[in-house]
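File shown: my_file_16.cif (mmCIF, N, CA and C atoms and all ligand atoms).
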```
data_final
#
loop_
_atom_site.label_atom_id
_atom_site.label_comp_id
_atom_site.auth_asym_id
_atom_site.auth_seq_id
_atom_site.Cartn_x
_atom_site.Cartn_y
_atom_site.Cartn_z
N MET A 1270 155.55 150.31 108.87
CA MET A 1270 154.17 150.24 108.41
C MET A 1270 154.07 149.30 107.20
N ALA A 1271 153.05 148.42 107.18
CA ALA A 1271 152.88 147.51 106.05
C ALA A 1271 152.48 148.29 104.80
N SER A 1272 153.07 147.89 103.67
CA SER A 1272 152.71 148.61 102.44
C SER A 1272 151.32 148.16 101.98
N LYS A 1273 150.58 149.08 101.41
CA LYS A 1273 149.22 148.76 100.97
C LYS A 1273 149.26 147.99 99.65
N ALA A 1274 148.36 146.98 99.53
CA ALA A 1274 148.29 146.23 98.27
C ALA A 1274 147.78 147.16 97.18
N PRO A 1275 148.29 147.02 95.94
CA PRO A 1275 147.81 147.88 94.87
C PRO A 1275 146.31 147.68 94.63
N LYS A 1276 145.65 148.75 94.26
CA LYS A 1276 144.20 148.69 94.05
C LYS A 1276 143.89 147.83 92.82
N GLN A 1277 142.84 147.03 92.93
CA GLN A 1277 142.44 146.16 91.82
C GLN A 1277 142.03 147.00 90.61
N GLN A 1278 142.62 146.67 89.46
CA GLN A 1278 142.40 147.47 88.25
C GLN A 1278 141.48 146.77 87.24
N PHE A 1279 140.65 145.87 87.70
CA PHE A 1279 139.71 145.22 86.78
C PHE A 1279 138.37 145.04 87.49
N ASP A 1280 137.33 144.87 86.69
CA ASP A 1280 135.99 144.74 87.24
C ASP A 1280 135.27 143.59 86.52
N CYS A 1281 135.21 142.44 87.19
CA CYS A 1281 134.62 141.25 86.57
C CYS A 1281 133.15 141.46 86.19
N SER A 1282 132.48 142.37 86.90
CA SER A 1282 131.06 142.58 86.60
C SER A 1282 130.87 143.28 85.25
N LYS A 1283 131.95 143.84 84.70
CA LYS A 1283 131.85 144.53 83.40
C LYS A 1283 132.49 143.69 82.29
N CYS A 1284 132.75 142.45 82.58
CA CYS A 1284 133.50 141.59 81.65
C CYS A 1284 132.66 140.36 81.30
N PRO A 1285 132.73 139.90 80.05
CA PRO A 1285 131.95 138.71 79.66
C PRO A 1285 132.61 137.39 80.07
N ALA A 1286 133.60 137.47 80.95
CA ALA A 1286 134.28 136.27 81.48
C ALA A 1286 135.23 135.64 80.46
N TYR A 1287 136.15 136.45 80.02
CA TYR A 1287 137.19 135.94 79.13
C TYR A 1287 137.92 134.75 79.75
N CYS A 1288 138.21 134.86 81.04
CA CYS A 1288 139.00 133.80 81.68
C CYS A 1288 138.28 132.45 81.62
N CYS A 1289 136.95 132.46 81.60
CA CYS A 1289 136.20 131.21 81.57
C CYS A 1289 136.08 130.66 80.16
N SER A 1290 136.57 131.42 79.17
CA SER A 1290 136.57 130.91 77.80
C SER A 1290 137.92 130.28 77.45
N TYR A 1291 138.85 130.38 78.37
CA TYR A 1291 140.18 129.79 78.13
C TYR A 1291 140.02 128.27 77.92
N PRO A 1292 140.58 127.72 76.84
CA PRO A 1292 140.27 126.32 76.50
C PRO A 1292 140.78 125.28 77.49
N THR A 1293 141.89 125.55 78.15
CA THR A 1293 142.47 124.51 79.00
C THR A 1293 142.53 124.96 80.45
N ILE A 1294 141.43 124.78 81.15
CA ILE A 1294 141.34 125.15 82.57
C ILE A 1294 141.60 123.88 83.39
N PRO A 1295 142.77 123.76 84.01
CA PRO A 1295 143.13 122.52 84.70
C PRO A 1295 142.27 122.28 85.95
N VAL A 1296 141.97 121.01 86.17
CA VAL A 1296 141.17 120.61 87.33
C VAL A 1296 141.98 119.58 88.12
N THR A 1297 142.30 119.90 89.37
CA THR A 1297 143.08 118.98 90.19
C THR A 1297 142.17 117.97 90.88
N MET A 1298 142.75 116.97 91.49
CA MET A 1298 141.96 115.99 92.24
C MET A 1298 141.21 116.68 93.39
N ARG A 1299 141.84 117.64 94.02
CA ARG A 1299 141.18 118.36 95.11
C ARG A 1299 139.96 119.14 94.58
N ASP A 1300 140.14 119.76 93.41
CA ASP A 1300 139.01 120.48 92.78
C ASP A 1300 137.87 119.51 92.49
N LEU A 1301 138.24 118.34 91.97
CA LEU A 1301 137.22 117.34 91.61
C LEU A 1301 136.45 116.88 92.84
N ARG A 1302 137.17 116.67 93.94
CA ARG A 1302 136.50 116.22 95.17
C ARG A 1302 135.49 117.28 95.63
N ARG A 1303 135.86 118.55 95.50
CA ARG A 1303 134.97 119.64 95.90
C ARG A 1303 133.71 119.66 95.02
N LEU A 1304 133.92 119.51 93.72
CA LEU A 1304 132.77 119.53 92.79
C LEU A 1304 131.89 118.29 93.00
N ALA A 1305 132.53 117.16 93.24
CA ALA A 1305 131.78 115.92 93.47
C ALA A 1305 130.88 116.07 94.70
N ARG A 1306 131.43 116.68 95.76
CA ARG A 1306 130.66 116.90 96.99
C ARG A 1306 129.46 117.81 96.70
N ARG A 1307 129.70 118.85 95.95
CA ARG A 1307 128.63 119.81 95.65
C ARG A 1307 127.45 119.14 94.94
N PHE A 1308 127.78 118.25 93.98
CA PHE A 1308 126.72 117.63 93.18
C PHE A 1308 126.34 116.24 93.70
N GLU A 1309 126.88 115.88 94.85
CA GLU A 1309 126.61 114.57 95.46
C GLU A 1309 126.88 113.44 94.46
N LEU A 1310 128.06 113.51 93.87
CA LEU A 1310 128.49 112.50 92.90
C LEU A 1310 129.75 111.83 93.43
N SER A 1311 130.07 110.68 92.85
CA SER A 1311 131.38 110.11 93.15
C SER A 1311 132.42 110.95 92.40
N VAL A 1312 133.65 110.87 92.86
CA VAL A 1312 134.72 111.62 92.18
C VAL A 1312 134.84 111.15 90.73
N GLU A 1313 134.65 109.84 90.52
CA GLU A 1313 134.76 109.29 89.16
C GLU A 1313 133.66 109.87 88.26
N ASP A 1314 132.45 109.95 88.79
CA ASP A 1314 131.35 110.51 87.99
C ASP A 1314 131.58 112.00 87.71
N ALA A 1315 132.05 112.71 88.72
CA ALA A 1315 132.32 114.14 88.53
C ALA A 1315 133.41 114.33 87.48
N GLU A 1316 134.41 113.49 87.55
CA GLU A 1316 135.50 113.59 86.57
C GLU A 1316 134.97 113.36 85.16
N ARG A 1317 134.11 112.36 85.01
CA ARG A 1317 133.57 112.03 83.68
C ARG A 1317 132.64 113.14 83.18
N ARG A 1318 131.81 113.65 84.06
CA ARG A 1318 130.80 114.64 83.62
C ARG A 1318 131.39 116.02 83.41
N PHE A 1319 132.32 116.41 84.23
CA PHE A 1319 132.75 117.81 84.22
C PHE A 1319 134.09 118.06 83.54
N THR A 1320 134.86 117.00 83.33
CA THR A 1320 136.22 117.21 82.82
C THR A 1320 136.51 116.30 81.62
N LYS A 1321 137.59 116.62 80.95
CA LYS A 1321 138.10 115.75 79.89
C LYS A 1321 139.62 115.83 79.93
N THR A 1322 140.25 114.98 79.13
CA THR A 1322 141.72 114.95 79.14
C THR A 1322 142.27 115.69 77.93
N ALA A 1323 143.14 116.66 78.18
CA ALA A 1323 143.77 117.41 77.10
C ALA A 1323 144.80 116.53 76.40
N SER A 1324 145.27 117.01 75.26
CA SER A 1324 146.21 116.20 74.46
C SER A 1324 147.51 115.91 75.22
N ASP A 1325 147.86 116.77 76.17
CA ASP A 1325 149.09 116.51 76.93
C ASP A 1325 148.82 115.70 78.21
N GLY A 1326 147.58 115.21 78.36
CA GLY A 1326 147.26 114.37 79.50
C GLY A 1326 146.69 115.12 80.70
N THR A 1327 146.64 116.45 80.63
CA THR A 1327 146.11 117.23 81.76
C THR A 1327 144.58 117.09 81.83
N ARG A 1328 144.06 116.99 83.06
CA ARG A 1328 142.61 116.96 83.24
C ARG A 1328 142.09 118.40 83.20
N ILE A 1329 141.17 118.68 82.27
CA ILE A 1329 140.69 120.06 82.10
C ILE A 1329 139.16 120.11 82.13
N MET A 1330 138.65 121.30 82.37
CA MET A 1330 137.20 121.52 82.44
C MET A 1330 136.55 121.31 81.07
N ARG A 1331 135.43 120.65 81.04
CA ARG A 1331 134.67 120.55 79.79
C ARG A 1331 134.09 121.92 79.43
N HIS A 1332 133.96 122.18 78.16
CA HIS A 1332 133.35 123.41 77.67
C HIS A 1332 131.99 123.13 77.04
N ARG A 1333 131.27 124.21 76.79
CA ARG A 1333 130.06 124.11 75.97
C ARG A 1333 129.95 125.36 75.11
N LYS A 1334 129.06 125.32 74.14
CA LYS A 1334 128.94 126.44 73.21
C LYS A 1334 128.46 127.68 73.94
N ASP A 1335 128.87 128.83 73.39
CA ASP A 1335 128.53 130.10 74.02
C ASP A 1335 128.08 131.08 72.94
N HIS A 1336 127.39 132.13 73.34
CA HIS A 1336 126.91 133.09 72.34
C HIS A 1336 127.84 134.30 72.20
N ILE A 1337 128.88 134.38 73.03
CA ILE A 1337 129.86 135.45 72.87
C ILE A 1337 131.18 134.87 72.36
N PHE A 1338 131.68 133.88 73.08
CA PHE A 1338 132.89 133.18 72.67
C PHE A 1338 132.47 131.88 71.98
N PRO A 1339 133.37 131.25 71.24
CA PRO A 1339 133.00 129.96 70.64
C PRO A 1339 132.51 128.96 71.70
N THR A 1340 133.28 128.86 72.80
CA THR A 1340 132.88 127.99 73.91
C THR A 1340 133.35 128.62 75.22
N THR A 1341 132.74 128.15 76.31
CA THR A 1341 133.22 128.54 77.65
C THR A 1341 133.14 127.30 78.55
N CYS A 1342 133.71 127.43 79.71
CA CYS A 1342 133.57 126.40 80.75
C CYS A 1342 132.09 126.06 80.92
N ARG A 1343 131.80 124.79 81.10
CA ARG A 1343 130.40 124.35 81.21
C ARG A 1343 129.68 124.96 82.41
N PHE A 1344 130.42 125.50 83.36
CA PHE A 1344 129.79 126.06 84.55
C PHE A 1344 129.52 127.57 84.46
N LEU A 1345 129.86 128.18 83.33
CA LEU A 1345 129.57 129.61 83.22
C LEU A 1345 128.10 129.79 82.85
N ASP A 1346 127.41 130.69 83.55
CA ASP A 1346 126.06 131.06 83.17
C ASP A 1346 126.16 131.95 81.93
N GLY A 1347 125.65 131.47 80.80
CA GLY A 1347 125.80 132.18 79.54
C GLY A 1347 125.09 133.51 79.51
N ASP A 1348 124.09 133.69 80.34
CA ASP A 1348 123.33 134.95 80.34
C ASP A 1348 123.97 136.00 81.23
N ASP A 1349 124.11 135.68 82.52
CA ASP A 1349 124.66 136.74 83.39
C ASP A 1349 126.18 136.67 83.53
N ARG A 1350 126.83 135.72 82.88
CA ARG A 1350 128.28 135.59 82.81
C ARG A 1350 128.92 135.35 84.18
N SER A 1351 128.18 134.68 85.06
CA SER A 1351 128.73 134.38 86.38
C SER A 1351 129.04 132.88 86.48
N CYS A 1352 129.84 132.53 87.47
CA CYS A 1352 130.19 131.14 87.71
C CYS A 1352 129.08 130.48 88.53
N THR A 1353 128.53 129.38 88.04
CA THR A 1353 127.43 128.73 88.75
C THR A 1353 127.92 127.81 89.88
N VAL A 1354 129.24 127.66 89.98
CA VAL A 1354 129.78 126.85 91.09
C VAL A 1354 130.79 127.69 91.88
N TYR A 1355 130.52 128.96 91.98
CA TYR A 1355 131.50 129.92 92.49
C TYR A 1355 132.21 129.46 93.78
N GLU A 1356 131.43 129.00 94.76
CA GLU A 1356 132.01 128.61 96.05
C GLU A 1356 132.89 127.37 95.91
N ASP A 1357 132.64 126.59 94.88
CA ASP A 1357 133.36 125.32 94.70
C ASP A 1357 134.18 125.30 93.41
N ARG A 1358 134.50 126.47 92.89
CA ARG A 1358 135.26 126.53 91.63
C ARG A 1358 136.69 126.04 91.85
N PRO A 1359 137.33 125.59 90.77
CA PRO A 1359 138.71 125.10 90.89
C PRO A 1359 139.68 126.16 91.43
N GLN A 1360 140.75 125.68 91.98
CA GLN A 1360 141.74 126.59 92.58
C GLN A 1360 142.26 127.61 91.57
N ILE A 1361 142.47 127.16 90.35
CA ILE A 1361 143.05 128.08 89.35
C ILE A 1361 142.11 129.26 89.09
N CYS A 1362 140.80 129.01 89.20
CA CYS A 1362 139.83 130.09 89.01
C CYS A 1362 139.89 131.05 90.21
N ARG A 1363 140.18 130.51 91.38
CA ARG A 1363 140.30 131.37 92.58
C ARG A 1363 141.53 132.25 92.49
N ASP A 1364 142.59 131.70 91.89
CA ASP A 1364 143.87 132.40 91.88
C ASP A 1364 144.01 133.41 90.74
N PHE A 1365 143.11 133.36 89.76
CA PHE A 1365 143.25 134.22 88.58
C PHE A 1365 142.49 135.53 88.76
N PRO A 1366 143.02 136.66 88.35
CA PRO A 1366 144.40 136.85 87.90
C PRO A 1366 145.32 136.96 89.11
N SER A 1367 146.57 136.74 88.90
CA SER A 1367 147.47 136.66 90.05
C SER A 1367 147.98 138.03 90.49
N SER A 1368 147.56 139.08 89.82
CA SER A 1368 148.00 140.40 90.25
C SER A 1368 146.80 141.35 90.29
N HIS A 1369 147.06 142.62 90.53
CA HIS A 1369 145.95 143.58 90.61
C HIS A 1369 145.43 143.96 89.23
N ARG A 1370 146.05 143.45 88.16
CA ARG A 1370 145.58 143.72 86.81
C ARG A 1370 145.16 142.41 86.16
N CYS A 1371 144.21 142.50 85.22
CA CYS A 1371 143.82 141.34 84.42
C CYS A 1371 144.08 141.70 82.96
N GLY A 1372 144.92 140.91 82.30
CA GLY A 1372 145.28 141.19 80.91
C GLY A 1372 144.07 141.22 79.99
N TYR A 1373 143.13 140.32 80.24
CA TYR A 1373 141.92 140.29 79.41
C TYR A 1373 141.15 141.59 79.56
N PHE A 1374 141.04 142.05 80.79
CA PHE A 1374 140.26 143.27 81.05
C PHE A 1374 140.95 144.47 80.41
N ASP A 1375 142.27 144.53 80.55
CA ASP A 1375 143.03 145.63 79.93
C ASP A 1375 142.82 145.63 78.42
N PHE A 1376 142.87 144.44 77.82
CA PHE A 1376 142.67 144.30 76.37
C PHE A 1376 141.26 144.80 75.99
N MET A 1377 140.26 144.39 76.74
CA MET A 1377 138.89 144.79 76.41
C MET A 1377 138.73 146.31 76.53
N MET A 1378 139.26 146.89 77.59
CA MET A 1378 139.11 148.33 77.79
C MET A 1378 139.86 149.12 76.72
N TRP A 1379 141.01 148.61 76.32
CA TRP A 1379 141.78 149.28 75.26
C TRP A 1379 140.98 149.27 73.96
N GLU A 1380 140.39 148.11 73.64
CA GLU A 1380 139.61 147.99 72.40
C GLU A 1380 138.36 148.88 72.46
N ARG A 1381 137.75 148.95 73.62
CA ARG A 1381 136.55 149.80 73.76
C ARG A 1381 136.91 151.26 73.51
N LYS A 1382 138.07 151.65 73.99
CA LYS A 1382 138.53 153.02 73.78
C LYS A 1382 138.77 153.27 72.29
N GLN A 1383 139.42 152.30 71.63
CA GLN A 1383 139.68 152.46 70.19
C GLN A 1383 138.39 152.58 69.40
N GLN A 1384 137.41 151.78 69.81
CA GLN A 1384 136.13 151.75 69.08
C GLN A 1384 135.19 152.86 69.54
N ASP A 1385 135.56 153.54 70.63
CA ASP A 1385 134.68 154.55 71.24
C ASP A 1385 133.30 153.96 71.53
N ASP A 1386 133.32 152.76 72.11
CA ASP A 1386 132.07 152.02 72.37
C ASP A 1386 132.22 151.29 73.71
N ASP A 1387 131.48 151.76 74.73
CA ASP A 1387 131.61 151.19 76.08
C ASP A 1387 131.06 149.77 76.20
N GLU A 1388 130.34 149.32 75.19
CA GLU A 1388 129.75 147.98 75.24
C GLU A 1388 130.53 146.97 74.38
N TYR A 1389 131.47 147.44 73.63
CA TYR A 1389 132.16 146.57 72.66
C TYR A 1389 132.86 145.40 73.37
N VAL A 1390 132.68 144.21 72.80
CA VAL A 1390 133.32 143.01 73.35
C VAL A 1390 134.21 142.39 72.27
N PRO A 1391 135.49 142.69 72.31
CA PRO A 1391 136.39 142.10 71.31
C PRO A 1391 136.58 140.61 71.57
N VAL A 1392 136.48 139.83 70.52
CA VAL A 1392 136.67 138.38 70.66
C VAL A 1392 137.80 137.94 69.75
N VAL A 1393 138.77 137.31 70.33
CA VAL A 1393 139.88 136.76 69.56
C VAL A 1393 139.76 135.24 69.61
N VAL A 1394 139.64 134.62 68.45
CA VAL A 1394 139.48 133.17 68.42
C VAL A 1394 140.81 132.49 68.17
S1 LIG B 1401 138.80 137.94 82.44
FE1 LIG B 1401 139.54 139.16 84.17
S2 LIG B 1401 138.03 140.80 84.42
FE2 LIG B 1401 137.12 139.20 83.15
S3 LIG B 1401 135.98 137.89 84.60
FE3 LIG B 1401 138.02 136.99 84.31
S4 LIG B 1401 139.26 137.87 85.98
FE4 LIG B 1401 137.43 139.13 85.79
S1 LIG B 1402 134.54 126.99 87.22
FE1 LIG B 1402 133.55 128.97 87.23
S2 LIG B 1402 135.20 130.47 87.40
FE2 LIG B 1402 136.12 128.52 86.76
S3 LIG B 1402 136.20 128.62 84.53
FE3 LIG B 1402 134.29 127.60 85.09
S4 LIG B 1402 132.73 129.23 85.15
FE4 LIG B 1402 134.76 130.18 85.20
#
```

As structure tokens, the full file:
Amino acid sequence: MASKAPKQQFDCSKCPAYCCSYPTIPVTMRDLRRLARRFELSVEDAERRFTKTASDGTRIMRHRKDHIFPTTCRFLDGDDRSCTVYEDRPQICRDFPSSHRCGYFDFMMWERKQQDDDEYVPVVV
């Protein structure tokens, strides 16, 4: 009998999208082609508008200011905390987290318990 996958221990709907505040979200050429198609842009234009080059030369998602974190990925909806390009998001966003637990979510829930506040959003800059 196949073993059952462990139950998912995080709930993105209760999270302000910590993962989308990560400063260096890599964007591959395949990701860029997908985003370019979505916005009917050339790959070059999509690269210029949506990404920038990190200090180590990696192509990463551009950020913008946020009201919870200092900045988030430019595609995060700042109000409802959802991804506005969900169907066409980069592969790394599809793959995260790679297990049934999310470290960010565990951290948030632990802090909420310490503060005895179900709404508390700990922010580490
Ligand atoms: S940080 Fe974790 S729980 Fe929060 S949105 Fe991202 S994957 Fe979901
Ligand atoms: S593309 Fe979407 S899922 Fe990926 S970091 Fe940006 S807002 Fe988050």

TODO: Write out as a ChimeraX atom specification each polymer residue (protein, DNA or RNA) that has an atom no more than 7 Å from ligand LIG 1402 (chain B), with all atoms listed in the file counted.
DONE: /A:1288-1291,1294,1341-1346,1351-1355,1357-1359,1361-1363

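Near Lys1276 (chain A), within 12 Å and counting only C-alpha atoms, sit Ser1272, Lys1273, Phe1279, Asp1280, Ser1368, His1369 and Arg1370 of chain A, not including residues fewer than 3 positions from it in the same chain.
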
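Around ligand LIG 1401 (chain B), using all atoms listed in the file and a cut-off of 5 Å, the residues in contact are A:Asp1280, A:Cys1281, A:Cys1284, A:Ala1286, A:Tyr1287, A:Cys1288, A:Phe1365, A:Pro1366, A:Cys1371, A:Tyr1373, A:Phe1374.
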
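A straight line drawn from atom C of Met1298 (chain A) to atom C of Thr1340 (chain A) is 23.1 Å long.
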
- [ ] Write out as an MDAnalysis selection string all residues of chain A that DSSP puts in strand (DSSP E or B) for this structure's backbone.
- [x] chainID A and resid 1295 1320:1322 1328:1330 1332:1334 1340:1342 1345 1352

Open item on the list: Run DSSP on the backbone and tell me which residues of region 1283-1389 of chain A come out as alpha helix (DSSP H); list them as an NGL selection string.
Closed with: :A and (1298-1307 or 1312-1319 or 1360-1364 or 1372-1384)

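You will find atom C of His1332 (chain A) at 8.5 Å from atom C of Phe1319 (chain A).
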
Put a box with edges along x, y and z around all the listed atoms of region 1329-1346 of chain A, pad it by 6 Å on each side, then give me its centre and sizes in Å, one decimal, as JSON.
```
{"center_x": 133.6, "center_y": 127.1, "center_z": 77.6, "size_x": 27.1, "size_y": 28.8, "size_z": 25.9}
```

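Counting only N, CA and C atoms, the residue from A:Ile1329, A:Asp1300, A:Gln1278, A:Thr1293 that sits nearest to Asp1375 (chain A) is A:Gln1278.
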
Open item on the list: List as JSON, numbers by chain the protein and nucleic acid residues near Val1390 (chain A), meaning an atom at most 8 Å away when only N, CA and C atoms are counted, but skip any in the same chain fewer than 6 places from it.
Closed with: {"A": [1285, 1377, 1380, 1381]}

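Residue nearest Arg1303 (chain A) within the list A:Asp1348, A:Asp1335, A:Glu1356, A:Asp1325: A:Glu1356 [criterion: smallest interatomic distance, only C-alpha atoms].
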
Task: atom N of Met1378 (chain A) to atom N of Pro1391 (chain A), straight-line distance in Å - done: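 Answer for the atom N of Pro1391 (chain A) to atom N of Met1378 (chain A) separation: 7.7 Å.
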
Please output region 1289-1302 of chain A, rebuilt to include N, CA, C and O atoms, as an mmCIF file, keeping the file's coordinate frame.
```cif
data_model
loop_
_atom_site.group_PDB
_atom_site.id
_atom_site.type_symbol
_atom_site.label_atom_id
_atom_site.label_comp_id
_atom_site.auth_asym_id
_atom_site.auth_seq_id
_atom_site.Cartn_x
_atom_site.Cartn_y
_atom_site.Cartn_z
ATOM 1 N N CYS A 1289 136.950 132.460 81.600
ATOM 2 C CA CYS A 1289 136.200 131.210 81.570
ATOM 3 C C CYS A 1289 136.080 130.660 80.160
ATOM 4 O O CYS A 1289 135.543 129.565 79.955
ATOM 5 N N SER A 1290 136.570 131.420 79.170
ATOM 6 C CA SER A 1290 136.570 130.910 77.800
ATOM 7 C C SER A 1290 137.920 130.280 77.450
ATOM 8 O O SER A 1290 138.090 129.736 76.366
ATOM 9 N N TYR A 1291 138.850 130.380 78.370
ATOM 10 C CA TYR A 1291 140.180 129.790 78.130
ATOM 11 C C TYR A 1291 140.020 128.270 77.920
ATOM 12 O O TYR A 1291 139.355 127.610 78.730
ATOM 13 N N PRO A 1292 140.580 127.720 76.840
ATOM 14 C CA PRO A 1292 140.270 126.320 76.500
ATOM 15 C C PRO A 1292 140.780 125.280 77.490
ATOM 16 O O PRO A 1292 140.164 124.231 77.645
ATOM 17 N N THR A 1293 141.890 125.550 78.150
ATOM 18 C CA THR A 1293 142.470 124.510 79.000
ATOM 19 C C THR A 1293 142.530 124.960 80.450
ATOM 20 O O THR A 1293 143.544 125.484 80.911
ATOM 21 N N ILE A 1294 141.430 124.780 81.150
ATOM 22 C CA ILE A 1294 141.340 125.150 82.570
ATOM 23 C C ILE A 1294 141.600 123.880 83.390
ATOM 24 O O ILE A 1294 140.755 122.978 83.445
ATOM 25 N N PRO A 1295 142.770 123.760 84.010
ATOM 26 C CA PRO A 1295 143.130 122.520 84.700
ATOM 27 C C PRO A 1295 142.270 122.280 85.950
ATOM 28 O O PRO A 1295 141.913 123.217 86.652
ATOM 29 N N VAL A 1296 141.970 121.010 86.170
ATOM 30 C CA VAL A 1296 141.170 120.610 87.330
ATOM 31 C C VAL A 1296 141.980 119.580 88.120
ATOM 32 O O VAL A 1296 142.314 118.514 87.587
ATOM 33 N N THR A 1297 142.300 119.900 89.370
ATOM 34 C CA THR A 1297 143.080 118.980 90.190
ATOM 35 C C THR A 1297 142.170 117.970 90.880
ATOM 36 O O THR A 1297 140.934 118.138 90.886
ATOM 37 N N MET A 1298 142.750 116.970 91.490
ATOM 38 C CA MET A 1298 141.960 115.990 92.240
ATOM 39 C C MET A 1298 141.210 116.680 93.390
ATOM 40 O O MET A 1298 140.062 116.355 93.664
ATOM 41 N N ARG A 1299 141.840 117.640 94.020
ATOM 42 C CA ARG A 1299 141.180 118.360 95.110
ATOM 43 C C ARG A 1299 139.960 119.140 94.580
ATOM 44 O O ARG A 1299 138.901 119.164 95.205
ATOM 45 N N ASP A 1300 140.140 119.760 93.410
ATOM 46 C CA ASP A 1300 139.010 120.480 92.780
ATOM 47 C C ASP A 1300 137.870 119.510 92.490
ATOM 48 O O ASP A 1300 136.693 119.827 92.716
ATOM 49 N N LEU A 1301 138.240 118.340 91.970
ATOM 50 C CA LEU A 1301 137.220 117.340 91.610
ATOM 51 C C LEU A 1301 136.450 116.880 92.840
ATOM 52 O O LEU A 1301 135.229 116.720 92.791
ATOM 53 N N ARG A 1302 137.170 116.670 93.940
ATOM 54 C CA ARG A 1302 136.500 116.220 95.170
ATOM 55 C C ARG A 1302 135.490 117.280 95.630
ATOM 56 O O ARG A 1302 134.391 116.963 96.071
#
```
